[in-house]
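Novice: Sharing my_file.csv (CSV, C-alpha atoms) below.
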chain,number,residue,atom,x,y,z
A,1,MET,CA,243.6,-50.5,123.9
A,2,VAL,CA,240.8,-48.2,125.1
A,3,LEU,CA,237.3,-49.1,123.9
A,4,TYR,CA,234.6,-46.4,123.8
A,5,ILE,CA,231.2,-48.0,124.6
A,6,ASP,CA,227.8,-46.7,123.7
A,7,VAL,CA,226.5,-47.8,127.1
A,8,SER,CA,222.9,-46.7,126.6
A,9,ARG,CA,222.4,-48.9,123.5
A,10,ALA,CA,224.5,-51.7,125.0
A,11,ARG,CA,222.2,-51.8,128.1
A,12,ARG,CA,219.1,-51.9,125.9
A,13,ALA,CA,220.7,-54.9,124.2
A,14,GLY,CA,221.0,-56.7,127.5
A,15,CYS,CA,224.6,-55.9,128.6
A,16,ARG,CA,224.9,-55.6,132.4
A,17,PHE,CA,227.4,-53.1,133.8
A,18,SER,CA,228.6,-53.2,137.4
A,19,ARG,CA,231.1,-51.3,139.5
A,20,ASN,CA,234.0,-53.3,140.8
A,21,GLY,CA,236.0,-52.9,144.1
A,22,GLN,CA,238.2,-50.3,142.5
A,23,GLY,CA,235.3,-48.1,141.6
A,24,LEU,CA,235.6,-48.9,137.9
A,25,TRP,CA,232.7,-50.0,135.7
A,26,GLN,CA,233.0,-53.5,134.2
A,27,VAL,CA,231.0,-55.7,131.8
A,28,ASP,CA,231.5,-59.4,130.7
A,29,GLY,CA,231.0,-58.6,127.0
A,30,VAL,CA,229.7,-56.0,124.6
A,31,PRO,CA,228.7,-56.6,120.9
A,32,PHE,CA,231.1,-54.9,118.5
A,33,ARG,CA,228.3,-52.7,117.1
A,34,HIS,CA,228.2,-50.8,120.5
A,35,ILE,CA,231.9,-50.1,120.6
A,36,LEU,CA,232.2,-46.7,118.9
A,37,ASN,CA,235.9,-46.9,117.9
A,38,LEU,CA,235.4,-50.3,116.3
A,39,CYS,CA,232.7,-48.9,114.0
A,40,ASP,CA,233.3,-47.7,110.5
A,41,GLY,CA,233.7,-43.9,110.3
A,42,PHE,CA,234.8,-43.4,113.9
A,43,ALA,CA,236.5,-40.1,114.6
A,44,HIS,CA,237.4,-37.7,117.5
A,45,GLN,CA,235.9,-34.3,117.6
A,46,ALA,CA,237.1,-31.2,119.6
A,47,SER,CA,234.5,-28.7,120.8
A,48,ALA,CA,234.4,-25.8,123.2
A,49,GLY,CA,231.7,-24.0,125.1
A,50,GLY,CA,231.1,-21.5,127.8
A,51,ILE,CA,228.8,-20.4,130.6
A,52,PRO,CA,228.5,-16.6,130.6
A,53,VAL,CA,227.9,-15.1,134.1
A,54,TYR,CA,226.5,-11.6,134.8
A,55,ASP,CA,227.0,-10.4,138.3
A,56,GLY,CA,223.9,-8.3,138.9
A,57,PRO,CA,222.5,-6.5,142.0
A,58,ASP,CA,220.5,-9.6,142.9
A,59,GLY,CA,223.3,-12.0,142.5
A,60,PRO,CA,224.9,-14.0,139.6
A,61,GLU,CA,222.9,-15.0,136.5
A,62,LEU,CA,223.9,-17.6,133.9
A,63,LEU,CA,223.1,-17.4,130.2
A,64,LEU,CA,221.8,-20.6,128.6
A,65,ILE,CA,220.4,-21.5,125.2
A,66,ARG,CA,217.3,-23.6,124.4
A,67,VAL,CA,217.8,-26.2,121.8
A,68,MET,CA,215.1,-27.9,119.8
A,69,ARG,CA,215.6,-31.7,119.6
A,70,ARG,CA,213.5,-34.3,117.9
A,71,HIS,CA,210.8,-34.5,120.5
A,72,ASN,CA,211.3,-31.5,122.8
A,73,ALA,CA,213.4,-28.4,123.6
A,74,THR,CA,216.1,-28.4,126.3
A,75,TRP,CA,218.2,-25.8,128.0
A,76,GLU,CA,221.9,-26.3,127.5
A,77,VAL,CA,225.2,-24.4,127.2
A,78,ALA,CA,226.4,-22.8,124.0
A,79,LYS,CA,229.1,-24.9,122.4
A,80,GLY,CA,230.4,-26.0,119.1
A,81,LYS,CA,233.3,-27.5,117.1
A,82,LEU,CA,236.7,-25.8,116.8
A,83,GLU,CA,237.5,-24.2,113.5
A,84,PRO,CA,240.9,-24.8,111.8
A,85,GLY,CA,243.6,-22.9,113.7
A,86,GLU,CA,241.3,-21.9,116.5
A,87,THR,CA,242.1,-22.4,120.2
A,88,PRO,CA,239.4,-23.8,122.6
A,89,PRO,CA,239.0,-20.4,124.4
A,90,GLU,CA,238.6,-18.6,121.1
A,91,ALA,CA,236.1,-21.2,119.9
A,92,ALA,CA,234.1,-21.0,123.2
A,93,ILE,CA,233.6,-17.2,122.9
A,94,ARG,CA,232.8,-17.4,119.2
A,95,GLU,CA,230.2,-20.2,119.8
A,96,VAL,CA,228.5,-18.3,122.5
A,97,GLN,CA,228.2,-15.1,120.4
A,98,GLU,CA,227.1,-17.0,117.3
A,99,GLU,CA,224.5,-19.1,119.1
A,100,ILE,CA,222.9,-16.3,121.0
A,101,GLY,CA,223.1,-13.9,118.0
A,102,ARG,CA,224.8,-11.1,119.9
A,103,LYS,CA,228.4,-9.8,120.1
A,104,LEU,CA,228.2,-10.0,123.9
A,105,SER,CA,231.4,-8.7,125.7
A,106,LEU,CA,232.9,-11.9,127.2
A,107,GLU,CA,236.0,-12.5,129.2
A,108,ILE,CA,237.1,-16.0,130.2
A,109,GLU,CA,237.6,-16.3,133.9
A,110,ARG,CA,238.9,-19.8,133.9
A,111,GLY,CA,238.7,-23.2,132.4
A,112,LEU,CA,236.3,-25.8,133.8
A,113,GLY,CA,238.0,-28.8,132.4
A,114,ALA,CA,237.0,-31.2,129.6
A,115,ILE,CA,233.9,-33.4,129.2
A,116,ARG,CA,234.1,-36.4,127.0
A,117,TYR,CA,231.2,-38.3,125.6
A,118,GLY,CA,230.2,-40.3,122.5
A,119,PHE,CA,227.5,-39.8,120.0
A,120,PHE,CA,226.4,-40.6,116.5
A,121,THR,CA,226.2,-37.9,113.8
A,122,PRO,CA,222.9,-37.5,111.8
A,123,ASP,CA,224.4,-39.8,109.1
A,124,GLY,CA,225.2,-42.5,111.7
A,125,SER,CA,228.9,-42.0,112.0
A,126,PRO,CA,230.3,-42.6,115.6
A,127,ARG,CA,232.2,-39.8,117.3
A,128,LEU,CA,234.0,-39.2,120.6
A,129,LYS,CA,233.7,-35.6,121.6
A,130,THR,CA,236.1,-33.7,123.9
A,131,LEU,CA,234.2,-30.6,125.0
A,132,HIS,CA,236.4,-27.9,126.6
A,133,MET,CA,234.3,-25.8,129.0
A,134,TYR,CA,234.9,-22.2,130.3
A,135,LEU,CA,233.4,-19.9,132.9
A,136,MET,CA,233.0,-16.4,131.4
A,137,ARG,CA,232.1,-13.1,132.8
A,138,THR,CA,230.2,-10.3,131.1
A,139,PRO,CA,229.4,-6.7,132.2
A,140,GLU,CA,226.2,-6.8,130.1
A,141,ARG,CA,222.8,-8.2,130.8
A,142,VAL,CA,221.4,-8.1,127.3
A,143,VAL,CA,217.8,-9.4,126.9
A,144,GLU,CA,217.4,-9.2,123.2
A,145,PHE,CA,218.9,-12.2,121.3
A,146,ALA,CA,218.8,-13.5,117.8
A,147,PRO,CA,219.3,-17.3,118.3
A,148,ALA,CA,220.9,-19.3,115.6
A,149,GLU,CA,217.8,-21.0,114.3
A,150,GLY,CA,219.8,-22.9,111.7
A,151,GLU,CA,221.4,-24.7,114.6
A,152,SER,CA,218.0,-25.5,116.2
A,153,ILE,CA,218.5,-22.9,118.9
A,154,VAL,CA,215.2,-21.2,119.6
A,155,GLU,CA,215.8,-19.1,122.7
A,156,ALA,CA,218.5,-17.7,125.0
A,157,ALA,CA,217.8,-16.5,128.6
A,158,TRP,CA,219.3,-15.7,132.0
A,159,PHE,CA,218.9,-18.0,135.0
A,160,THR,CA,219.8,-17.8,138.7
A,161,PRO,CA,222.4,-20.5,139.7
A,162,GLN,CA,219.6,-22.6,141.3
A,163,GLU,CA,217.4,-22.3,138.1
A,164,ALA,CA,220.3,-23.1,135.8
A,165,SER,CA,221.2,-26.2,137.8
A,166,ARG,CA,217.6,-27.4,137.7
A,167,VAL,CA,216.9,-26.8,134.0
A,168,THR,CA,220.1,-28.1,132.4
A,169,ALA,CA,219.1,-31.3,130.7
A,170,HIS,CA,222.2,-32.8,129.2
A,171,ARG,CA,223.4,-35.7,131.4
A,172,SER,CA,227.1,-35.0,130.7
A,173,LEU,CA,226.8,-31.4,131.7
A,174,ARG,CA,224.6,-31.7,134.8
A,175,PRO,CA,227.4,-32.6,137.3
A,176,LEU,CA,229.6,-29.7,136.0
A,177,MET,CA,226.7,-27.2,136.1
A,178,LYS,CA,225.8,-28.3,139.6
A,179,ARG,CA,229.3,-27.6,140.8
A,180,VAL,CA,229.6,-24.3,139.0
A,181,CYS,CA,226.3,-23.1,140.4
A,182,GLN,CA,227.3,-24.1,144.0
A,183,GLU,CA,230.5,-22.2,143.5
A,184,LEU,CA,228.7,-19.0,142.3
A,185,VAL,CA,226.3,-19.1,145.2
A,186,ALA,CA,229.3,-19.4,147.6
A,187,GLU,CA,231.0,-16.5,145.9
A,188,ALA,CA,227.8,-14.4,146.2
A,189,ARG,CA,227.6,-15.2,149.9
A,190,GLY,CA,231.2,-14.1,150.4
A,191,GLY,CA,232.6,-17.6,150.9
A,192,GLY,CA,235.1,-17.3,148.0
A,193,PRO,CA,235.3,-19.5,144.9
A,194,SER,CA,235.7,-23.3,145.1
A,195,ARG,CA,237.5,-23.8,141.9
A,196,VAL,CA,236.1,-26.2,139.3
A,197,ALA,CA,238.7,-27.7,137.0
A,198,GLY,CA,240.0,-30.9,135.5
A,199,ASP,CA,238.5,-33.5,133.2
A,200,ALA,CA,235.1,-35.0,133.6
A,201,GLU,CA,233.8,-38.0,131.8
A,202,GLY,CA,230.3,-37.9,130.5
A,203,ASP,CA,227.5,-39.5,132.5
A,204,ALA,CA,227.3,-43.0,131.3
A,205,GLU,CA,223.6,-43.1,130.8
A,206,GLY,CA,223.2,-40.8,127.8
A,207,ASP,CA,221.0,-41.7,124.9
A,208,ALA,CA,222.5,-41.1,121.5
A,209,GLU,CA,219.0,-41.4,119.9
A,210,ASN,CA,218.1,-38.1,121.5
A,211,GLU,CA,220.5,-36.2,119.2
A,212,SER,CA,219.0,-33.4,117.2
A,213,PRO,CA,220.0,-33.7,113.5
A,214,THR,CA,221.2,-30.1,113.4
A,215,SER,CA,222.1,-29.2,116.9
A,216,GLU,CA,225.5,-29.7,118.6
A,217,ASP,CA,226.2,-33.2,119.8
A,218,ARG,CA,224.7,-34.0,123.1
A,219,ALA,CA,224.9,-37.8,123.8
A,220,PRO,CA,227.3,-39.3,126.4
A,221,ASP,CA,228.9,-42.7,126.7
A,222,ALA,CA,231.2,-44.5,129.0
A,223,HIS,CA,234.9,-45.2,128.2
A,224,LEU,CA,235.8,-48.9,128.9
A,225,SER,CA,239.2,-50.5,128.6
A,226,SER,CA,239.1,-54.3,128.3
A,227,LYS,CA,236.5,-55.3,131.0
A,228,ALA,CA,236.9,-52.2,133.3
A,229,ALA,CA,235.9,-48.6,132.7
A,230,ARG,CA,237.1,-45.4,134.1
A,231,PRO,CA,235.0,-44.0,136.9
A,232,ALA,CA,231.7,-42.5,135.6
A,233,ALA,CA,230.8,-39.0,136.4
A,234,GLU,CA,228.5,-39.1,139.4
A,235,ASP,CA,225.7,-41.2,137.9
A,236,THR,CA,225.6,-45.0,137.2
A,237,PRO,CA,225.7,-46.2,133.6
Can the structure in the file be given as structure tokens, please?
Specialist:
Amino acid sequence: MVLYIDVSRARRAGCRFSRNGQGLWQVDGVPFRHILNLCDGFAHQASAGGIPVYDGPDGPELLLIRVMRRHNATWEVAKGKLEPGETPPEAAIREVQEEIGRKLSLEIERGLGAIRYGFFTPDGSPRLKTLHMYLMRTPERVVEFAPAEGESIVEAAWFTPQEASRVTAHRSLRPLMKRVCQELVAEARGGGPSRVAGDAEGDAEGDAENESPTSEDRAPDAHLSSKAARPAAEDTP
């Protein structure tokens, strides 16, 4: 049985996580209240998002959205839940267009894999999200947006790869954004793409309490089976 642990809250409760000789995270014990899929109301959630890229005369630029949270606003990627009958690529394009408020011409270049992390909904229900991410190209560099304020999105803007890597705040997305930006810089310099694909687990040090009550879900966890966990994504839990 695989147990999905809210590592951030478990650590604050005194649980100590350590990496074993196989590179897996382990813990002697975790209270039931910190195991997401043992809590009432647990469910899986499928989402999709994308990183639009415009290849301009001065190099590639990435489009990000600024989301208002409880205490501050952070730059993130546009993403959201799949609608009934929708494929992840279709949902990714729709979510980008809806959240920036423009019917931007978008073409998916390739998938970037799936990111998985846990969070609690505004009513306290535990969820395990699978976020399918895509790299998109657009021939347009629009500068006027109508952000989806009802989704707590307050701004959309273009960033160079270096800037995008620096400002992306979501712990589960930072490793992916870093690799994508390095790839885009290599392409711009004529080195060719170093493809980013495959699954990526969420950074194990997310904080579910940073969730915005109206924005898309943005809090990671670690996935533990018995006393050992799968390798965390780049950072420690």
Novice: Could you work out how far atom CA of A:Pro161 lies from atom CA of A:Leu82, giving the answer in Å with one decimal?
Specialist: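 Computing the Euclidean distance for atom CA of A:Leu82 and atom CA of A:Pro161 yields 27.5 Å.
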Novice: Have a look at A:Leu176, A:Ala91, A:Ile100, A:Ala13 and name the one nearest to A:Ile65; count only C-alpha atoms.
Specialist: A:Ile100
Novice: Quick one: residues within 12 Å of A:Arg141, only C-alpha atoms counted, chain neighbours fewer than 2 positions away excluded, as a list in words?
Specialist: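 Here the answer would be Pro52, Val53, Tyr54, Asp55, Gly56, Pro57, Pro60, Glu61, Leu62, Leu63, Arg102, Leu104, Ser105, Leu106, Arg137, Thr138, Pro139, Val143, Glu144, Phe145, Ala156, Ala157, Trp158 and Phe159 of chain A.
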Novice: If we draw a sphere of 10 Å around (215.9, -29.2, 122.9), which residues have at least one atom in it when counting only C-alpha atoms? Please report them as a list in words.
Specialist: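 Neighbouring residues, ordered by chain and number, come to Ile65, Arg66, Val67, Met68, Arg69, Arg70, His71, Asn72, Ala73, Thr74, Trp75, Glu76, Ser152, Ile153, Val154, Ala169, His170, Asn210, Glu211, Ser212 and Ser215 of chain A.
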Novice: State, in Å with one decimal place, the distance from atom CA of A:Arg171 to atom CA of A:Glu140.
Specialist: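 Atom-to-atom, atom CA of A:Arg171 to atom CA of A:Glu140, that is 29.1 Å.
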Novice: Kindly give the distance, in Å, that separates atom CA of A:Ala92 and atom CA of A:Val7, rounded to a single decimal.
Specialist: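 These two atoms are separated by 28.1 Å.
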Novice: Might you pull out every residue within 9 Å of A:Val30, with only C-alpha atoms counted and same-chain residues fewer than 4 positions away left off, and present them as a PyMOL selection string?
Specialist: chain A and resi 5+10+15+34-35
Novice: Would you pick out the contacts of A:Arg110 at 8 Å or less, using all atoms listed in the file, so that residues sharing its chain but fewer than 2 positions from it are not included, and give the list as a PyMOL selection string?
Specialist: chain A and resi 108+112+134-136
Novice: Which residue, A:Val77, A:Met133, A:Val185, A:Val27, has the smallest gap to A:Asp58 when you use only C-alpha atoms?
Specialist: A:Val185
